[in-house]
$ cat start33.txt   # compact mmCIF, C-alpha atoms
# COMPACT_ATOMS: atom_id res chain seq x y z
CA MET A 10 116.01 132.74 142.31
CA ALA A 11 116.60 134.04 138.78
CA VAL A 12 116.80 131.42 136.05
CA ALA A 13 120.23 132.69 134.97
CA THR A 14 121.58 132.07 138.48
CA LEU A 15 119.95 128.67 138.81
CA SER A 16 121.52 127.63 135.50
CA VAL A 17 124.99 127.73 137.14
CA PHE A 18 123.83 125.21 139.75
CA ALA A 19 122.41 122.82 137.14
CA VAL A 20 125.54 120.78 136.44
CA PRO A 21 126.93 120.35 140.00
CA MET A 22 123.54 119.54 141.53
CA THR A 23 122.39 117.12 138.82
CA ARG A 24 125.74 115.34 138.85
CA GLU A 25 125.79 114.95 142.63
CA PHE A 26 122.23 113.67 142.93
CA GLY A 27 121.84 112.00 139.54
CA TRP A 28 118.81 114.12 138.64
CA SER A 29 117.69 114.53 135.04
CA TYR A 30 117.52 117.96 133.43
CA GLY A 31 113.77 117.55 133.19
CA LEU A 32 113.51 117.05 136.95
CA PHE A 33 115.82 120.00 137.62
CA SER A 34 113.94 122.28 135.18
CA GLY A 35 110.56 121.31 136.59
CA VAL A 36 111.23 123.27 139.77
CA VAL A 37 111.20 126.51 137.78
CA SER A 38 107.97 125.56 136.08
CA LEU A 39 106.21 124.60 139.33
CA GLY A 40 107.33 127.81 140.98
CA GLY A 41 105.98 129.75 138.04
CA LEU A 42 102.64 127.96 138.25
CA CYS A 43 102.36 128.88 141.93
CA ALA A 44 103.15 132.50 141.03
CA ILE A 45 100.23 132.45 138.61
CA GLY A 46 97.84 131.77 141.46
CA VAL A 47 99.03 134.59 143.73
CA SER A 48 99.60 137.35 141.14
CA PRO A 49 96.04 138.77 141.03
CA PHE A 50 95.94 139.06 144.82
CA ILE A 51 99.40 140.63 145.00
CA GLY A 52 98.41 143.23 142.41
CA ARG A 53 95.43 144.37 144.45
CA LEU A 54 97.53 144.58 147.62
CA ILE A 55 100.12 146.72 145.85
CA ASP A 56 97.45 149.11 144.56
CA ARG A 57 96.10 149.46 148.08
CA TYR A 58 99.17 149.43 150.34
CA GLY A 59 102.12 150.13 148.03
CA SER A 60 105.13 148.07 147.08
CA GLY A 61 107.35 148.49 150.15
CA VAL A 62 105.77 145.89 152.45
CA ILE A 63 105.34 143.41 149.59
CA LEU A 64 108.99 143.68 148.58
CA ALA A 65 110.22 143.28 152.16
CA ILE A 66 108.18 140.09 152.60
CA THR A 67 109.43 138.85 149.23
CA ALA A 68 113.06 139.38 150.21
CA ALA A 69 112.51 137.47 153.45
CA ILE A 70 110.99 134.50 151.60
CA VAL A 71 113.65 134.41 148.88
CA GLY A 72 116.53 134.76 151.35
CA CYS A 73 115.29 132.01 153.65
CA CYS A 74 114.62 129.64 150.75
CA ALA A 75 118.05 130.25 149.20
CA PHE A 76 119.75 129.55 152.52
CA GLY A 77 117.68 126.39 152.96
CA LEU A 78 118.78 125.09 149.55
CA SER A 79 122.28 124.70 150.95
CA LEU A 80 120.95 121.85 153.11
CA VAL A 81 118.96 119.78 150.58
CA ASN A 82 119.70 116.12 149.93
CA GLN A 83 116.48 114.96 148.27
CA ALA A 84 114.54 116.15 145.23
CA TRP A 85 111.42 116.83 147.31
CA ALA A 86 113.42 119.16 149.59
CA PHE A 87 114.81 120.98 146.54
CA TYR A 88 111.27 121.52 145.27
CA ALA A 89 109.92 122.46 148.73
CA LEU A 90 112.47 125.28 149.05
CA TYR A 91 112.96 126.52 145.50
CA VAL A 92 109.30 126.60 144.50
CA PRO A 93 108.17 129.21 147.09
CA GLY A 94 111.32 131.23 146.43
CA ARG A 95 110.67 131.19 142.70
CA MET A 96 107.02 132.06 143.30
CA ALA A 97 108.01 135.14 145.32
CA PHE A 98 110.62 136.13 142.77
CA ALA A 99 108.37 135.72 139.74
CA SER A 100 105.28 137.48 141.10
CA PRO A 101 105.57 139.88 144.07
CA LEU A 102 109.08 141.06 143.20
CA GLU A 103 108.23 141.74 139.56
CA LEU A 104 104.91 143.40 140.34
CA GLY A 105 106.25 145.41 143.27
CA THR A 106 109.25 146.97 141.57
CA THR A 107 107.56 147.66 138.25
CA THR A 108 104.39 149.14 139.75
CA ALA A 109 106.40 151.36 142.09
CA VAL A 110 108.39 152.89 139.23
CA ASN A 111 105.33 153.30 136.99
CA ASN A 112 103.44 154.99 139.83
CA TRP A 113 106.15 157.59 140.33
CA PHE A 114 106.86 158.52 136.70
CA ILE A 115 104.87 159.51 133.63
CA ARG A 116 106.84 161.86 131.39
CA ARG A 117 110.18 160.16 132.08
CA ARG A 118 108.76 156.70 132.62
CA ALA A 119 110.83 155.06 129.88
CA PHE A 120 114.09 156.29 131.40
CA ALA A 121 112.99 155.38 134.92
CA LEU A 122 112.16 151.86 133.79
CA PHE A 123 115.57 151.72 132.12
CA LEU A 124 117.19 152.48 135.48
CA LEU A 125 115.15 149.65 137.00
CA THR A 126 116.33 147.39 134.17
CA VAL A 127 119.93 148.46 134.80
CA SER A 128 119.72 147.51 138.48
CA GLN A 129 118.09 144.18 137.72
CA SER A 130 120.41 143.38 134.83
CA THR A 131 123.44 144.21 136.95
CA GLY A 132 122.28 141.65 139.48
CA LEU A 133 121.44 139.12 136.78
CA ALA A 134 124.87 139.60 135.20
CA ALA A 135 126.76 139.44 138.49
CA MET A 136 124.94 136.62 140.29
CA PRO A 137 125.81 133.79 137.84
CA LEU A 138 129.47 134.82 138.03
CA VAL A 139 129.38 135.19 141.81
CA ALA A 140 127.59 131.86 142.19
CA ASN A 141 130.08 130.15 139.88
CA PHE A 142 132.99 131.65 141.87
CA LEU A 143 131.48 130.45 145.14
CA ILE A 144 130.78 127.00 143.71
CA GLY A 145 134.32 126.68 142.43
CA GLY A 146 135.86 127.71 145.74
CA TRP A 147 133.51 126.39 148.39
CA GLY A 148 130.93 124.17 146.69
CA TRP A 149 127.36 124.69 145.62
CA ARG A 150 125.96 124.38 149.16
CA ASN A 151 127.97 127.30 150.50
CA ALA A 152 127.08 129.27 147.39
CA TRP A 153 123.35 128.95 148.14
CA ALA A 154 123.93 129.87 151.80
CA TRP A 155 125.82 133.08 151.04
CA LEU A 156 123.31 134.16 148.39
CA GLY A 157 120.52 133.70 150.94
CA ILE A 158 122.30 135.73 153.60
CA TYR A 159 122.98 138.51 151.09
CA THR A 160 119.30 138.70 150.13
CA LEU A 161 118.15 138.94 153.74
CA VAL A 162 120.63 141.73 154.49
CA VAL A 163 119.91 144.03 151.54
CA GLY A 164 116.30 143.21 150.72
CA ILE A 165 114.14 143.84 153.79
CA LEU A 166 114.76 147.11 155.66
CA PRO A 167 115.25 149.47 152.66
CA ALA A 168 112.01 148.34 151.02
CA LEU A 169 110.09 148.49 154.28
CA PHE A 170 111.12 151.99 155.39
CA LEU A 171 112.14 153.93 152.27
CA MET A 172 109.27 153.42 149.83
CA ALA A 173 106.00 155.34 149.34
CA ARG A 174 103.13 154.13 147.17
CA ARG A 175 102.61 157.15 144.86
CA PRO A 176 103.84 160.77 144.78
CA GLU A 177 100.24 161.92 145.32
CA ASP A 178 100.34 160.27 148.77
CA MET A 179 103.05 162.79 149.68
CA GLY A 180 101.40 165.82 148.04
CA LEU A 181 103.64 165.58 144.96
CA THR A 182 103.06 165.07 141.25
CA ALA A 183 104.59 162.42 139.02
CA ASP A 184 107.68 164.05 137.40
CA PRO A 185 106.19 167.07 135.59
CA GLY A 186 109.65 167.91 134.27
CA ARG A 187 112.01 170.60 135.54
CA GLY A 188 111.19 173.99 134.08
CA GLU A 189 108.34 172.59 131.99
CA PRO A 190 104.88 174.13 132.43
CA ARG A 191 102.07 171.76 133.33
CA PRO A 192 99.33 171.55 130.68
CA ALA A 193 96.31 173.70 131.45
CA ARG A 194 93.29 171.68 132.53
CA ARG A 195 90.98 173.63 130.25
CA GLN A 196 93.10 172.93 127.19
CA GLU A 197 93.24 169.22 127.99
CA GLU A 198 89.48 168.87 128.17
CA THR A 199 88.75 170.88 125.02
CA ALA A 200 91.27 169.10 122.82
CA PRO A 201 89.80 167.19 119.84
CA PRO A 202 88.84 163.68 120.93
CA SER A 203 89.92 162.20 117.62
CA ALA A 204 93.56 163.25 117.90
CA PRO A 205 95.73 160.84 115.94
CA GLU A 206 97.88 158.29 117.65
CA THR A 207 101.39 159.51 118.35
CA GLY A 208 104.10 157.19 119.56
CA HIS A 209 102.45 154.80 121.94
CA GLY A 210 99.38 156.87 122.62
CA ASP A 211 100.84 159.32 125.14
CA THR A 212 98.95 162.44 123.98
CA GLY A 213 95.97 162.00 121.69
CA GLY A 214 95.05 158.63 123.15
CA ARG A 215 95.14 160.02 126.68
CA VAL A 216 92.98 163.04 125.84
CA SER A 217 90.24 160.98 124.24
CA GLU A 218 90.34 158.47 127.07
CA GLN A 219 89.97 161.22 129.66
CA GLN A 220 86.97 162.72 127.88
CA GLY A 221 85.25 159.36 127.66
CA ASP A 222 86.02 158.47 131.28
CA ARG A 223 85.22 161.53 133.39
CA SER A 224 83.43 159.30 135.86
CA GLN A 225 86.75 157.83 137.02
CA PRO A 226 87.59 158.85 140.61
CA GLN A 227 90.31 161.50 140.89
CA SER A 228 92.71 162.04 143.74
CA PRO A 229 91.69 164.98 145.89
CA SER A 230 95.30 166.09 146.28
CA PRO A 231 95.90 169.60 144.86
CA ALA A 232 99.19 168.39 143.47
CA SER A 233 97.58 165.58 141.56
CA ALA A 234 95.00 167.94 140.08
CA ALA A 235 97.83 169.64 138.23
CA ALA A 236 99.44 166.40 137.16
CA LEU A 237 99.79 165.29 133.60
CA PRO A 238 96.61 163.83 132.10
CA GLU A 239 96.62 160.07 131.70
CA ARG A 240 94.17 157.32 130.95
CA ASN A 241 93.10 155.24 133.91
CA TYR A 242 91.34 152.03 132.98
CA THR A 243 89.63 149.84 135.50
CA VAL A 244 90.27 146.11 135.28
CA SER A 245 86.89 145.45 133.67
CA ARG A 246 87.45 148.12 131.02
CA ALA A 247 90.96 146.87 130.28
CA LEU A 248 89.59 143.38 129.74
CA ARG A 249 87.37 144.74 126.97
CA THR A 250 90.30 145.97 124.86
CA ARG A 251 92.05 143.94 122.16
CA ALA A 252 95.52 145.21 123.06
CA PHE A 253 95.22 143.62 126.52
CA TYR A 254 95.01 140.11 125.08
CA VAL A 255 97.55 140.66 122.32
CA MET A 256 100.18 141.91 124.75
CA ALA A 257 99.37 139.13 127.22
CA ILE A 258 99.92 136.46 124.57
CA PHE A 259 103.09 138.22 123.44
CA SER A 260 104.46 138.29 126.98
CA GLY A 261 103.80 134.58 127.43
CA ALA A 262 105.64 133.64 124.24
CA GLY A 263 108.51 136.03 124.83
CA PHE A 264 109.24 134.95 128.37
CA MET A 265 108.85 131.27 127.51
CA VAL A 266 111.90 131.74 125.30
CA GLN A 267 113.70 133.91 127.87
CA ALA A 268 113.40 131.31 130.62
CA GLY A 269 113.83 128.23 128.43
CA VAL A 270 117.02 129.39 126.75
CA SER A 271 118.62 131.22 129.66
CA LEU A 272 118.26 128.27 132.04
CA HIS A 273 119.79 125.79 129.60
CA GLN A 274 122.36 127.87 127.74
CA VAL A 275 125.16 127.15 130.24
CA SER A 276 124.40 123.42 130.09
CA HIS A 277 124.32 123.63 126.29
CA PHE A 278 127.82 125.09 126.10
CA ILE A 279 129.18 122.66 128.71
CA ASN A 280 127.80 119.81 126.62
CA GLN A 281 129.58 121.35 123.63
CA GLY A 282 132.90 120.95 125.46
CA LEU A 283 133.42 124.31 127.17
CA GLU A 284 134.75 124.55 130.71
CA PRO A 285 132.02 125.49 133.23
CA SER A 286 133.75 128.79 134.06
CA LEU A 287 133.80 129.75 130.37
CA ALA A 288 130.24 128.57 129.81
CA ALA A 289 129.11 130.77 132.70
CA LEU A 290 130.39 133.78 130.75
CA THR A 291 127.51 133.33 128.31
CA ALA A 292 125.01 133.71 131.16
CA GLY A 293 126.83 136.83 132.32
CA SER A 294 126.91 138.23 128.79
CA PHE A 295 123.21 137.49 128.37
CA ALA A 296 122.33 139.37 131.56
CA PHE A 297 124.73 142.27 130.99
CA CYS A 298 123.36 142.94 127.52
CA GLN A 299 119.87 143.20 128.96
CA MET A 300 121.13 146.42 130.54
CA LEU A 301 122.73 147.74 127.36
CA GLY A 302 119.68 146.80 125.35
CA GLY A 303 117.46 148.57 127.85
CA LEU A 304 119.31 151.83 127.18
CA VAL A 305 118.62 151.55 123.46
CA TRP A 306 114.97 150.58 123.90
CA SER A 307 114.28 153.33 126.45
CA SER A 308 115.90 155.90 124.18
CA LEU A 309 113.76 154.82 121.25
CA ALA A 310 110.63 154.82 123.41
CA SER A 311 111.43 158.36 124.62
CA ARG A 312 111.64 159.45 121.00
CA ARG A 313 108.00 158.42 120.58
CA VAL A 314 108.61 155.37 118.41
CA PRO A 315 105.35 153.36 118.62
CA ILE A 316 105.78 150.87 121.42
CA ARG A 317 104.30 147.97 119.47
CA ILE A 318 107.03 148.44 116.83
CA LEU A 319 109.70 148.29 119.53
CA LEU A 320 108.13 145.18 121.05
CA ALA A 321 108.22 143.45 117.68
CA ALA A 322 111.87 144.43 117.14
CA ALA A 323 112.79 143.08 120.58
CA ALA A 324 111.01 139.80 119.78
CA PHE A 325 112.97 139.43 116.56
CA CYS A 326 116.21 139.94 118.51
CA VAL A 327 115.19 137.20 120.93
CA SER A 328 114.34 134.89 118.04
CA GLY A 329 117.70 135.44 116.34
CA GLY A 330 119.59 135.10 119.62
CA ALA A 331 117.93 131.77 120.45
CA LEU A 332 118.90 130.37 117.06
CA GLY A 333 122.43 131.70 117.47
CA VAL A 334 122.88 130.06 120.87
CA GLN A 335 121.63 126.74 119.50
CA ALA A 336 124.06 126.88 116.59
CA SER A 337 127.08 127.91 118.70
CA SER A 338 129.63 125.58 120.26
CA THR A 339 132.39 128.08 121.09
CA LEU A 340 132.61 131.43 122.85
CA THR A 341 133.50 133.06 119.53
CA TRP A 342 129.89 132.67 118.40
CA GLY A 343 128.26 131.92 121.72
CA LEU A 344 128.98 135.28 123.35
CA PRO A 345 127.54 137.37 120.46
CA ALA A 346 124.48 135.13 120.28
CA ALA A 347 123.89 135.37 124.04
CA SER A 348 124.39 139.13 123.81
CA VAL A 349 121.75 139.52 121.08
CA LEU A 350 119.40 137.32 123.08
CA GLY A 351 120.01 139.41 126.21
CA ALA A 352 119.44 142.69 124.38
CA GLY A 353 116.11 141.41 123.08
CA VAL A 354 115.03 140.13 126.50
CA GLY A 355 115.96 143.52 127.97
CA GLY A 356 113.56 145.05 125.49
CA LEU A 357 110.78 142.65 126.50
CA HIS A 358 111.21 143.53 130.16
CA LEU A 359 111.31 147.29 129.72
CA LEU A 360 108.81 147.74 126.90
CA LEU A 361 106.07 145.51 128.33
CA ARG A 362 106.29 147.32 131.66
CA LEU A 363 106.06 150.62 129.82
CA ALA A 364 103.21 149.48 127.58
CA TRP A 365 100.92 148.40 130.43
CA ALA A 366 101.31 151.75 132.18
CA GLU A 367 101.02 153.83 129.01
CA TYR A 368 97.98 151.97 127.75
CA TYR A 369 96.03 151.61 131.01
CA GLY A 370 97.29 154.23 133.50
CA ARG A 371 98.45 154.07 137.12
CA GLU A 372 95.23 153.98 139.13
CA HIS A 373 94.64 150.22 138.80
CA LEU A 374 98.00 149.22 137.33
CA GLY A 375 98.86 146.66 140.00
CA SER A 376 95.54 144.87 139.57
CA ILE A 377 95.78 144.88 135.77
CA THR A 378 99.35 143.62 135.64
CA GLY A 379 98.49 141.14 138.38
CA ILE A 380 96.07 139.55 135.91
CA THR A 381 98.48 139.63 132.97
CA LEU A 382 101.57 138.52 134.86
CA PRO A 383 100.32 134.91 135.16
CA VAL A 384 100.51 134.62 131.37
CA GLN A 385 104.11 135.87 131.45
CA VAL A 386 104.98 133.62 134.37
CA GLY A 387 103.22 130.73 132.66
CA GLY A 388 105.51 131.19 129.69
CA GLN A 389 108.50 131.26 132.00
CA ALA A 390 107.26 128.08 133.64
CA LEU A 391 106.65 126.32 130.33
CA GLY A 392 109.95 127.18 128.64
CA PRO A 393 112.41 125.42 130.96
CA ILE A 394 110.40 122.22 131.21
CA ILE A 395 109.97 122.03 127.41
CA ALA A 396 113.71 122.42 126.92
CA GLY A 397 114.56 120.00 129.71
CA PHE A 398 112.33 117.14 128.65
CA LEU A 399 113.11 117.55 124.94
CA TYR A 400 116.79 117.39 125.83
CA ASP A 401 116.23 114.23 127.86
CA PHE A 402 114.33 112.72 124.93
CA THR A 403 116.60 113.78 122.05
CA GLY A 404 119.95 114.37 123.77
CA SER A 405 120.21 117.80 122.16
CA TYR A 406 118.91 121.35 122.52
CA LEU A 407 118.38 121.63 118.75
CA TRP A 408 114.60 121.26 118.69
CA PRO A 409 113.64 123.18 121.83
CA PHE A 410 115.70 126.23 120.81
CA ARG A 411 114.27 126.13 117.29
CA ILE A 412 110.74 125.90 118.66
CA PHE A 413 111.40 128.86 120.94
CA SER A 414 112.80 130.94 118.10
CA THR A 415 109.78 130.30 115.90
CA ALA A 416 107.28 131.02 118.68
CA VAL A 417 108.72 134.41 119.61
CA PHE A 418 109.06 135.41 115.96
CA ILE A 419 105.34 134.79 115.40
CA ALA A 420 104.56 136.70 118.60
CA GLY A 421 106.58 139.64 117.27
CA ILE A 422 104.40 139.79 114.18
CA LEU A 423 101.22 139.52 116.29
CA VAL A 424 102.15 142.38 118.64
CA LEU A 425 102.23 144.80 115.70
CA THR A 426 98.43 144.76 115.91
CA ALA A 427 98.40 145.96 119.55
CA THR A 428 97.44 149.57 118.90
CA PRO A 429 96.69 151.72 121.98
CA PRO A 430 93.10 151.21 123.18
CA ARG A 431 90.64 154.04 122.64
CA ASP A 432 87.59 154.76 124.75
CA ARG A 433 84.38 154.04 122.85
CA SER A 434 82.00 154.75 125.72
$ encode --input "start33.txt" --output "structure tokens"
Amino acid sequence: MAVATLSVFAVPMTREFGWSYGLFSGVVSLGGLCAIGVSPFIGRLIDRYGSGVILAITAAIVGCCAFGLSLVNQAWAFYALYVPGRMAFASPLELGTTTAVNNWFIRRRAFALFLLTVSQSTGLAAMPLVANFLIGGWGWRNAWAWLGIYTLVVGILPALFLMARRPEDMGLTADPGRGEPRPARRQEETAPPSAPETGHGDTGGRVSEQQGDRSQPQSPSPASAAALPERNYTVSRALRTRAFYVMAIFSGAGFMVQAGVSLHQVSHFINQGLEPSLAALTAGSFAFCQMLGGLVWSSLASRRVPIRILLAAAAFCVSGGALGVQASSTLTWGLPAASVLGAGVGGLHLLLRLAWAEYYGREHLGSITGITLPVQVGGQALGPIIAGFLYDFTGSYLWPFRIFSTAVFIAGILVLTATPPRDRS
């Protein structure tokens, strides 16, 4: 149900049924709007029960919907099957995987999120190529059917039986680091509350937050008592911080561009005269470079570069990549532009996930990101439909891609003001 995969189906499905690009793009937007409504509830369920059950249910929904798409003949049937699949993909899958990783890691969280990005980017890079291969050999209907069967096979049982909510539930601590002594509790609580910000607030910010929030409930597990100190904001406290709103707006703008460009980039290059199999390479390059970009961003985050600086840099990459795709008509320029775009989007994925956990802690992370995810999903819903209808109106992707580039550039400047929140209670 990823936009990059759907983009490969755009040309064969619209040609067979005579649908406009606006109609085809609208299914992504409607699915995103539905995801907005369920995200807050999914976040609370993940905090309470863990990610395993949620991910298993998500895989069942996505797999069944993908298989059903092989049978559609009408636009309403396409919407009836893709919308719930997109809703499950955009909300429970994103929240479940990200919250699970953030709950299990603190010190090595950036690298752990990079590994998550690698796995997701590998799928995003492979699926457009696999789908295109299946379409070329057996038609788009069989392609949907096999993708659905694959999802049902690999997505349900592992998530259901092999995942635990947090390490504290098993009497463990979140990666204290091999051979590294755990900080003494007494030293943590007597540290100066006005310690300066370092990196993205992983030391001084956490100490001051802990001193100002001693009323927060702590896990009774002996292992968790020795765990690394971290800030743990409730939802109401998070809503009173400026960084919450800045990062939410940033995520909406960034993922509007991600979805709008990635869905239409294959169609753009086909309209420029490229063969569909060659145009699909740009989608694969875009997804593959999300993985490579994630390695760079996670390395920089581990070196304590302020996370708001990295978010701004990723936004500028996305802005430049969107302009490059719009200006390209051959693979000579199209592949580098798609690669820069993918590297920037990889940064958005990894760094926003890291920022929410670093700024607001693990205790209520699912609920907090469940509130912010609708803004991100709203951007993803808005981007494709803007690009689709502007293309139908103008016959070109010139204006939508330029609008996207400008929007994410401004968001990159805005996110520089998202300093880590500090407890003023």
$ closest_residue --input "start33.txt" --among "A:Leu64, A:Ala268, A:Leu102, A:Ala292" --to "Leu133 of chain A" --atoms "only C-alpha atoms"
A:Ala292
$ closest_residue --input "start33.txt" --among "A:Ala65, A:Leu290, A:Cys74, A:Ile422" --to "Trp155 of chain A" --atoms "only C-alpha atoms"
A:Cys74
$ atom_distance --input "start33.txt" --atom1 "atom CA of Ala168 of chain A" --atom2 "atom CA of Gly61 of chain A"
4.7 Å
$ closest_residue --input "start33.txt" --among "A:Gly269, A:Pro137, A:Gly404, A:Gly146" --to "Thr14 of chain A" --atoms "only C-alpha atoms"
A:Pro137
$ atom_distance --input "start33.txt" --atom1 "atom CA of Gly379 of chain A" --atom2 "atom CA of Val127 of chain A"
22.9 Å
$ residues_near_point --input "start33.txt" --point "(112.9, 123.6, 124.6)" --cutoff "10 Å" --atoms "only C-alpha atoms" --output "PDB file with C-alpha atoms, in the frame of the given file"
ATOM      1  CA  MET A 265     108.850 131.270 127.510  1.00  0.00           C
ATOM      2  CA  VAL A 266     111.900 131.740 125.300  1.00  0.00           C
ATOM      3  CA  ALA A 268     113.400 131.310 130.620  1.00  0.00           C
ATOM      4  CA  GLY A 269     113.830 128.230 128.430  1.00  0.00           C
ATOM      5  CA  VAL A 270     117.020 129.390 126.750  1.00  0.00           C
ATOM      6  CA  HIS A 273     119.790 125.790 129.600  1.00  0.00           C
ATOM      7  CA  LEU A 391     106.650 126.320 130.330  1.00  0.00           C
ATOM      8  CA  GLY A 392     109.950 127.180 128.640  1.00  0.00           C
ATOM      9  CA  PRO A 393     112.410 125.420 130.960  1.00  0.00           C
ATOM     10  CA  ILE A 394     110.400 122.220 131.210  1.00  0.00           C
ATOM     11  CA  ILE A 395     109.970 122.030 127.410  1.00  0.00           C
ATOM     12  CA  ALA A 396     113.710 122.420 126.920  1.00  0.00           C
ATOM     13  CA  GLY A 397     114.560 120.000 129.710  1.00  0.00           C
ATOM     14  CA  PHE A 398     112.330 117.140 128.650  1.00  0.00           C
ATOM     15  CA  LEU A 399     113.110 117.550 124.940  1.00  0.00           C
ATOM     16  CA  TYR A 400     116.790 117.390 125.830  1.00  0.00           C
ATOM     17  CA  SER A 405     120.210 117.800 122.160  1.00  0.00           C
ATOM     18  CA  TYR A 406     118.910 121.350 122.520  1.00  0.00           C
ATOM     19  CA  LEU A 407     118.380 121.630 118.750  1.00  0.00           C
ATOM     20  CA  TRP A 408     114.600 121.260 118.690  1.00  0.00           C
ATOM     21  CA  PRO A 409     113.640 123.180 121.830  1.00  0.00           C
ATOM     22  CA  PHE A 410     115.700 126.230 120.810  1.00  0.00           C
ATOM     23  CA  ARG A 411     114.270 126.130 117.290  1.00  0.00           C
ATOM     24  CA  ILE A 412     110.740 125.900 118.660  1.00  0.00           C
ATOM     25  CA  PHE A 413     111.400 128.860 120.940  1.00  0.00           C
ATOM     26  CA  SER A 414     112.800 130.940 118.100  1.00  0.00           C
TER      27      SER A 414
END
$ residues_around --input "start33.txt" --residues "Phe253 of chain A" --least-positions-apart "4" --cutoff "9 Å" --atoms "all atoms listed in the file" --output "mmCIF file with C-alpha atoms, keeping the file's coordinate frame"
data_model
loop_
_atom_site.group_PDB
_atom_site.id
_atom_site.type_symbol
_atom_site.label_atom_id
_atom_site.label_comp_id
_atom_site.auth_asym_id
_atom_site.auth_seq_id
_atom_site.Cartn_x
_atom_site.Cartn_y
_atom_site.Cartn_z
ATOM 1 C CA ALA A 247 90.960 146.870 130.280
ATOM 2 C CA LEU A 248 89.590 143.380 129.740
ATOM 3 C CA ARG A 249 87.370 144.740 126.970
ATOM 4 C CA ALA A 257 99.370 139.130 127.220
ATOM 5 C CA ILE A 258 99.920 136.460 124.570
ATOM 6 C CA TRP A 365 100.920 148.400 130.430
ATOM 7 C CA TYR A 368 97.980 151.970 127.750
ATOM 8 C CA THR A 381 98.480 139.630 132.970
ATOM 9 C CA ALA A 427 98.400 145.960 119.550
ATOM 10 C CA PRO A 430 93.100 151.210 123.180
#
$ atom_distance --input "start33.txt" --atom1 "atom CA of Pro383 of chain A" --atom2 "atom CA of Ile316 of chain A"
21.8 Å
$ closest_residue --input "start33.txt" --among "A:Thr426, A:Thr182, A:Ser260, A:Ser34" --to "Thr378 of chain A" --atoms "all atoms listed in the file"
A:Ser260
$ residues_around --input "start33.txt" --residues "Ser100 of chain A" --least-positions-apart "3" --cutoff "10 Å" --atoms "all atoms listed in the file" --output "NGL selection string"
:A and (40-41 or 43-49 or 51-52 or 67 or 95-97 or 103-105 or 379 or 382-383 or 385-386)
$ closest_residue --input "start33.txt" --among "A:Ser328, A:Ser294, A:Thr107, A:Thr428" --to "Thr131 of chain A" --atoms "all atoms listed in the file"
A:Ser294
$ closest_residue --input "start33.txt" --among "A:Pro101, A:Gln274, A:Ala68, A:Ile380" --to "Leu15 of chain A" --atoms "all atoms listed in the file"
A:Gln274
$ residues_around --input "start33.txt" --residues "Asn82 of chain A" --least-positions-apart "6" --cutoff "12 Å" --atoms "all atoms listed in the file" --output "CSV table (one decimal) with C-alpha atoms, in the frame of the given file"
chain,number,residue,atom,x,y,z
A,22,MET,CA,123.5,119.5,141.5
A,23,THR,CA,122.4,117.1,138.8
A,25,GLU,CA,125.8,115.0,142.6
A,26,PHE,CA,122.2,113.7,142.9
A,27,GLY,CA,121.8,112.0,139.5
A,28,TRP,CA,118.8,114.1,138.6
A,88,TYR,CA,111.3,121.5,145.3
A,89,ALA,CA,109.9,122.5,148.7
A,90,LEU,CA,112.5,125.3,149.0
A,150,ARG,CA,126.0,124.4,149.2
$ residues_around --input "start33.txt" --residues "segment 345-350 of chain A" --least-positions-apart "6" --cutoff "6 Å" --atoms "only C-alpha atoms" --output "number ranges by chain"
A: 291, 294-295, 298, 327, 330, 333-334
$ build_atoms --input "start33.txt" --residues "segment 271-277 of chain A" --atoms "N, CA, C and O atoms" --output "PDB file, keeping the file's coordinate frame"
ATOM      1  N   SER A 271     117.651 130.748 128.676  1.00  0.00           N
ATOM      2  CA  SER A 271     118.620 131.220 129.660  1.00  0.00           C
ATOM      3  C   SER A 271     118.949 130.155 130.699  1.00  0.00           C
ATOM      4  O   SER A 271     120.091 130.072 131.164  1.00  0.00           O
ATOM      5  N   LEU A 272     117.972 129.323 131.072  1.00  0.00           N
ATOM      6  CA  LEU A 272     118.260 128.270 132.040  1.00  0.00           C
ATOM      7  C   LEU A 272     119.199 127.220 131.464  1.00  0.00           C
ATOM      8  O   LEU A 272     120.073 126.704 132.160  1.00  0.00           O
ATOM      9  N   HIS A 273     119.059 126.922 130.180  1.00  0.00           N
ATOM     10  CA  HIS A 273     119.790 125.790 129.600  1.00  0.00           C
ATOM     11  C   HIS A 273     121.000 126.199 128.773  1.00  0.00           C
ATOM     12  O   HIS A 273     121.706 125.315 128.278  1.00  0.00           O
ATOM     13  N   GLN A 274     121.260 127.496 128.615  1.00  0.00           N
ATOM     14  CA  GLN A 274     122.360 127.870 127.740  1.00  0.00           C
ATOM     15  C   GLN A 274     123.720 127.466 128.319  1.00  0.00           C
ATOM     16  O   GLN A 274     124.616 127.037 127.577  1.00  0.00           O
ATOM     17  N   VAL A 275     123.895 127.572 129.644  1.00  0.00           N
ATOM     18  CA  VAL A 275     125.160 127.150 130.240  1.00  0.00           C
ATOM     19  C   VAL A 275     125.353 125.642 130.047  1.00  0.00           C
ATOM     20  O   VAL A 275     126.436 125.178 129.659  1.00  0.00           O
ATOM     21  N   SER A 276     124.308 124.878 130.298  1.00  0.00           N
ATOM     22  CA  SER A 276     124.400 123.420 130.090  1.00  0.00           C
ATOM     23  C   SER A 276     124.682 123.098 128.624  1.00  0.00           C
ATOM     24  O   SER A 276     125.452 122.165 128.321  1.00  0.00           O
ATOM     25  N   HIS A 277     124.084 123.856 127.718  1.00  0.00           N
ATOM     26  CA  HIS A 277     124.320 123.630 126.290  1.00  0.00           C
ATOM     27  C   HIS A 277     125.801 123.786 125.951  1.00  0.00           C
ATOM     28  O   HIS A 277     126.381 122.935 125.261  1.00  0.00           O
TER      29      HIS A 277
END
